[in-house]
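Undergrad: This is the structure I have questions about; it appears just below.
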Amino acid sequence: MISNIERFDRTVVLVLAELYARFPVRKALDARQFMLTDDGQIAEGLSSREEAELDSSDPHFERKQFAFECMHWLVETGYLHGEPKADDGIADAVLTAKGLEVLNATPDSLQETLGERIQAVAKSGLWETGKVLIGQVVGLGVGLVT
């Protein structure tokens with residue numbers, strides 16, 4: 001079982017990779033797209049109809065809530081712009097100038113931008129690398145604020 005921080009890192013990698021690939025096109029982000037199992041694998045999302053048939057204690061809802069909270073954190077901290085929608089997702093999500101600047105940064109040790117590296121991690125599942133990248137993204141983002 002992975003920790004909350006590991007789950008957060010993986011979820012944020014997936015969200016940022018999705019928006020970086022589509023920039024500047026806005027996209028509705030559904031929390032079901034970014035749910036992870038207890039061992040950190042991408043969980044199979046359910047349709048709204050299938051979700052309605054589940055008991056409220058089903059782990060699906062906890063996973064969905066966690067994914068939503070990760071996306072909401074990205075909005076609150078200024079990496080994304082969008083409208084949170086009742087624990088379901090973010091409407092009209094797009095990277096902010098801060099989010100784009102951080103993802104376009106190329107650290108001295110890399111030949112690619114952080115955004116390109118995050119996309120590669122999201123596709124390959126190299127989560128240990130993703131953890132390091134999210135640390136760099138947040139660190140650079142904090143530097144933009146100060």
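In the structure tokens, each chain is lettered A, B, ... as it comes, each chain's residues begin at 1, and ligands are numbered from 1 in order of appearance.
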Need to verify the contact set: region 42-53 of chain A, 8 Å, only C-alpha atoms, exclusion of same-chain residues closer than 4 positions in sequence. Can you return it as a PyMOL selection string?
TA: chain A and resi 32-37
Undergrad: Deliver the residues from the most recent selection as a file, using all heavy atoms, as a PDB file, in the first residue's frame.
TA:
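So again.pdb came out as:
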```pdb
ATOM      1  N   ARG A  32     -12.553  10.731 -11.616  1.00  0.00           N
ATOM      2  CA  ARG A  32     -12.499   9.291 -11.910  1.00  0.00           C
ATOM      3  C   ARG A  32     -11.332   8.944 -12.836  1.00  0.00           C
ATOM      4  O   ARG A  32     -10.856   7.820 -12.829  1.00  0.00           O
ATOM      5  CB  ARG A  32     -13.814   8.817 -12.523  1.00  0.00           C
ATOM      6  CG  ARG A  32     -14.962   8.844 -11.515  1.00  0.00           C
ATOM      7  CD  ARG A  32     -16.239   8.455 -12.172  1.00  0.00           C
ATOM      8  NE  ARG A  32     -16.651   9.546 -13.045  1.00  0.00           N
ATOM      9  CZ  ARG A  32     -17.905   9.821 -13.336  1.00  0.00           C
ATOM     10  NH1 ARG A  32     -18.871   9.095 -12.864  1.00  0.00           N
ATOM     11  NH2 ARG A  32     -18.195  10.831 -14.123  1.00  0.00           N
ATOM     12  N   GLN A  33     -10.839   9.901 -13.638  1.00  0.00           N
ATOM     13  CA  GLN A  33      -9.702   9.666 -14.530  1.00  0.00           C
ATOM     14  C   GLN A  33      -8.399   9.452 -13.773  1.00  0.00           C
ATOM     15  O   GLN A  33      -7.460   8.874 -14.310  1.00  0.00           O
ATOM     16  CB  GLN A  33      -9.455  10.883 -15.426  1.00  0.00           C
ATOM     17  CG  GLN A  33     -10.437  11.155 -16.499  1.00  0.00           C
ATOM     18  CD  GLN A  33     -10.029  12.458 -17.175  1.00  0.00           C
ATOM     19  OE1 GLN A  33     -10.597  13.494 -16.901  1.00  0.00           O
ATOM     20  NE2 GLN A  33      -9.030  12.397 -18.041  1.00  0.00           N
ATOM     21  N   PHE A  34      -8.326   9.970 -12.561  1.00  0.00           N
ATOM     22  CA  PHE A  34      -7.058  10.041 -11.839  1.00  0.00           C
ATOM     23  C   PHE A  34      -7.065   9.243 -10.535  1.00  0.00           C
ATOM     24  O   PHE A  34      -6.204   9.431  -9.689  1.00  0.00           O
ATOM     25  CB  PHE A  34      -6.712  11.507 -11.571  1.00  0.00           C
ATOM     26  CG  PHE A  34      -6.701  12.332 -12.823  1.00  0.00           C
ATOM     27  CD1 PHE A  34      -7.739  13.203 -13.117  1.00  0.00           C
ATOM     28  CD2 PHE A  34      -5.680  12.198 -13.750  1.00  0.00           C
ATOM     29  CE1 PHE A  34      -7.751  13.945 -14.284  1.00  0.00           C
ATOM     30  CE2 PHE A  34      -5.684  12.929 -14.936  1.00  0.00           C
ATOM     31  CZ  PHE A  34      -6.716  13.803 -15.197  1.00  0.00           C
ATOM     32  N   MET A  35      -8.013   8.335 -10.394  1.00  0.00           N
ATOM     33  CA  MET A  35      -8.086   7.514  -9.186  1.00  0.00           C
ATOM     34  C   MET A  35      -7.004   6.438  -9.221  1.00  0.00           C
ATOM     35  O   MET A  35      -6.716   5.879 -10.279  1.00  0.00           O
ATOM     36  CB  MET A  35      -9.458   6.844  -9.073  1.00  0.00           C
ATOM     37  CG  MET A  35     -10.587   7.807  -8.889  1.00  0.00           C
ATOM     38  SD  MET A  35     -12.186   7.012  -8.590  1.00  0.00           S
ATOM     39  CE  MET A  35     -12.187   5.593  -9.628  1.00  0.00           C
ATOM     40  N   LEU A  36      -6.426   6.161  -8.057  1.00  0.00           N
ATOM     41  CA  LEU A  36      -5.387   5.142  -7.936  1.00  0.00           C
ATOM     42  C   LEU A  36      -5.820   4.075  -6.940  1.00  0.00           C
ATOM     43  O   LEU A  36      -6.494   4.370  -5.956  1.00  0.00           O
ATOM     44  CB  LEU A  36      -4.076   5.775  -7.462  1.00  0.00           C
ATOM     45  CG  LEU A  36      -3.471   6.840  -8.367  1.00  0.00           C
ATOM     46  CD1 LEU A  36      -2.239   7.438  -7.718  1.00  0.00           C
ATOM     47  CD2 LEU A  36      -3.143   6.283  -9.739  1.00  0.00           C
ATOM     48  N   THR A  37      -5.393   2.853  -7.193  1.00  0.00           N
ATOM     49  CA  THR A  37      -5.656   1.762  -6.265  1.00  0.00           C
ATOM     50  C   THR A  37      -4.748   1.908  -5.046  1.00  0.00           C
ATOM     51  O   THR A  37      -3.842   2.748  -5.030  1.00  0.00           O
ATOM     52  CB  THR A  37      -5.388   0.403  -6.940  1.00  0.00           C
ATOM     53  OG1 THR A  37      -4.006   0.348  -7.312  1.00  0.00           O
ATOM     54  CG2 THR A  37      -6.278   0.208  -8.165  1.00  0.00           C
TER      55      THR A  37
END
```
Undergrad: If you run DSSP over the backbone, which residues in chain A end up strand (DSSP E or B)? Put them as a list in words.
TA: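 Strand (DSSP E or B) members of chain A, listed: Lys27, Ala28, Leu29, Asp30, Leu36, Ile42, Leu80, His81, Gly82, Glu83, Pro84, Lys85, Gly89, Ile90, Ala91, Asp92, Ala93, Val94 and Leu95 of chain A.
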Undergrad: Produce a file of the selected residues containing N, CA and C atoms, as an mmCIF file, in the first residue's frame.
TA:
```
data_model
loop_
_atom_site.group_PDB
_atom_site.id
_atom_site.type_symbol
_atom_site.label_atom_id
_atom_site.label_comp_id
_atom_site.auth_asym_id
_atom_site.auth_seq_id
_atom_site.Cartn_x
_atom_site.Cartn_y
_atom_site.Cartn_z
ATOM 1 N N LYS A 27 -9.894 21.881 -20.400
ATOM 2 C CA LYS A 27 -10.441 20.525 -20.350
ATOM 3 C C LYS A 27 -11.174 20.318 -19.035
ATOM 4 N N ALA A 28 -12.273 19.629 -19.096
ATOM 5 C CA ALA A 28 -12.964 19.214 -17.871
ATOM 6 C C ALA A 28 -12.213 18.005 -17.318
ATOM 7 N N LEU A 29 -11.729 18.125 -16.111
ATOM 8 C CA LEU A 29 -11.024 17.023 -15.458
ATOM 9 C C LEU A 29 -11.998 16.283 -14.548
ATOM 10 N N ASP A 30 -12.186 15.011 -14.795
ATOM 11 C CA ASP A 30 -13.057 14.165 -13.990
ATOM 12 C C ASP A 30 -12.182 13.414 -13.000
ATOM 13 N N LEU A 36 -6.426 6.161 -8.057
ATOM 14 C CA LEU A 36 -5.387 5.142 -7.936
ATOM 15 C C LEU A 36 -5.820 4.075 -6.940
ATOM 16 N N ILE A 42 -3.361 2.850 -11.655
ATOM 17 C CA ILE A 42 -4.544 3.607 -12.079
ATOM 18 C C ILE A 42 -5.765 2.707 -11.938
ATOM 19 N N LEU A 80 -3.120 25.450 -11.489
ATOM 20 C CA LEU A 80 -4.219 25.277 -12.438
ATOM 21 C C LEU A 80 -5.248 26.368 -12.233
ATOM 22 N N HIS A 81 -5.947 26.663 -13.308
ATOM 23 C CA HIS A 81 -7.130 27.514 -13.220
ATOM 24 C C HIS A 81 -8.301 26.630 -13.608
ATOM 25 N N GLY A 82 -9.391 26.748 -12.910
ATOM 26 C CA GLY A 82 -10.578 25.970 -13.221
ATOM 27 C C GLY A 82 -11.578 26.097 -12.089
ATOM 28 N N GLU A 83 -12.735 25.528 -12.301
ATOM 29 C CA GLU A 83 -13.825 25.611 -11.326
ATOM 30 C C GLU A 83 -14.069 24.240 -10.713
ATOM 31 N N PRO A 84 -13.728 24.067 -9.416
ATOM 32 C CA PRO A 84 -14.018 22.791 -8.758
ATOM 33 C C PRO A 84 -15.519 22.512 -8.769
ATOM 34 N N LYS A 85 -15.880 21.269 -9.038
ATOM 35 C CA LYS A 85 -17.276 20.869 -9.145
ATOM 36 C C LYS A 85 -17.609 19.744 -8.173
ATOM 37 N N GLY A 89 -14.697 16.928 -10.003
ATOM 38 C CA GLY A 89 -13.622 17.302 -10.900
ATOM 39 C C GLY A 89 -13.459 18.803 -10.986
ATOM 40 N N ILE A 90 -12.763 19.224 -12.029
ATOM 41 C CA ILE A 90 -12.485 20.635 -12.260
ATOM 42 C C ILE A 90 -12.977 20.980 -13.668
ATOM 43 N N ALA A 91 -13.893 21.924 -13.743
ATOM 44 C CA ALA A 91 -14.400 22.366 -15.045
ATOM 45 C C ALA A 91 -13.441 23.393 -15.640
ATOM 46 N N ASP A 92 -13.290 23.370 -16.949
ATOM 47 C CA ASP A 92 -12.465 24.335 -17.683
ATOM 48 C C ASP A 92 -11.044 24.436 -17.128
ATOM 49 N N ALA A 93 -10.442 23.304 -16.837
ATOM 50 C CA ALA A 93 -9.088 23.292 -16.266
ATOM 51 C C ALA A 93 -8.050 23.631 -17.327
ATOM 52 N N VAL A 94 -7.088 24.457 -16.926
ATOM 53 C CA VAL A 94 -5.972 24.829 -17.783
ATOM 54 C C VAL A 94 -4.814 25.221 -16.865
ATOM 55 N N LEU A 95 -3.598 25.005 -17.329
ATOM 56 C CA LEU A 95 -2.443 25.442 -16.552
ATOM 57 C C LEU A 95 -2.446 26.961 -16.442
#
```
Undergrad: Report as JSON lines: every residue of region 35-108 of chain A with an atom at most 9 Å from region 12-18 of chain A, its closest pair of atoms, and their distance in Å to one decimal, counting only C-alpha atoms, with rows sorted by chain and ascending residue number.
TA:
```
{"residue": "A:Ala67", "atom": "CA", "partner": "A:Val12", "partner_atom": "CA", "distance": 8.6}
{"residue": "A:Cys70", "atom": "CA", "partner": "A:Val12", "partner_atom": "CA", "distance": 6.5}
{"residue": "A:Met71", "atom": "CA", "partner": "A:Val12", "partner_atom": "CA", "distance": 7.2}
{"residue": "A:Leu74", "atom": "CA", "partner": "A:Val12", "partner_atom": "CA", "distance": 8.0}
{"residue": "A:Tyr79", "atom": "CA", "partner": "A:Leu16", "partner_atom": "CA", "distance": 8.8}
{"residue": "A:Leu80", "atom": "CA", "partner": "A:Leu16", "partner_atom": "CA", "distance": 8.7}
{"residue": "A:Leu95", "atom": "CA", "partner": "A:Leu16", "partner_atom": "CA", "distance": 8.0}
{"residue": "A:Gly99", "atom": "CA", "partner": "A:Leu16", "partner_atom": "CA", "distance": 8.5}
{"residue": "A:Leu103", "atom": "CA", "partner": "A:Leu16", "partner_atom": "CA", "distance": 8.5}
```
Undergrad: Let me make sure I understand: among A:Lys98, A:Thr77, A:Thr11, A:Leu133, which one has the smallest atom-to-atom distance to Ile118 (chain A) if we use only C-alpha atoms?
TA: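 Under the stated criterion, the closest residue is A:Leu133.
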Undergrad: Would you pick out the contacts of Asn104 (chain A) at 6 Å or less, using only C-alpha atoms, so that residues sharing its chain but fewer than 2 positions from it are not included, and give the list as a ChimeraX atom specification?
TA: /A:100-102,113,115
Undergrad: Next, write the just-selected residues to a file, as a tab-separated table (two decimals), in the first residue's frame, keeping all heavy atoms as the atom set.
TA:
```tsv
chain	number	residue	atom	x	y	z
A	100	LEU	N	2.54	26.65	-16.12
A	100	LEU	CA	3.25	26.50	-17.38
A	100	LEU	C	4.73	26.86	-17.24
A	100	LEU	O	5.60	26.16	-17.76
A	100	LEU	CB	2.60	27.35	-18.47
A	100	LEU	CG	3.19	27.18	-19.86
A	100	LEU	CD1	3.02	25.75	-20.35
A	100	LEU	CD2	2.55	28.16	-20.83
A	101	GLU	N	5.01	27.93	-16.52
A	101	GLU	CA	6.42	28.34	-16.34
A	101	GLU	C	7.22	27.26	-15.63
A	101	GLU	O	8.33	26.93	-16.04
A	101	GLU	CB	6.49	29.65	-15.55
A	101	GLU	CG	7.91	30.16	-15.41
A	101	GLU	CD	7.98	31.54	-14.76
A	101	GLU	OE1	6.95	32.21	-14.61
A	101	GLU	OE2	9.10	31.93	-14.41
A	102	VAL	N	6.64	26.67	-14.60
A	102	VAL	CA	7.32	25.62	-13.87
A	102	VAL	C	7.52	24.39	-14.75
A	102	VAL	O	8.60	23.80	-14.79
A	102	VAL	CB	6.54	25.26	-12.58
A	102	VAL	CG1	7.03	23.96	-11.98
A	102	VAL	CG2	6.64	26.39	-11.57
A	113	THR	N	12.24	19.59	-20.54
A	113	THR	CA	11.52	20.39	-19.55
A	113	THR	C	10.87	19.47	-18.53
A	113	THR	O	10.69	18.27	-18.78
A	113	THR	CB	10.42	21.24	-20.22
A	113	THR	OG1	9.41	20.37	-20.74
A	113	THR	CG2	10.98	22.15	-21.30
A	115	GLY	N	7.81	19.51	-17.75
A	115	GLY	CA	6.54	19.07	-18.35
A	115	GLY	C	6.73	17.85	-19.23
A	115	GLY	O	5.94	16.91	-19.19
```
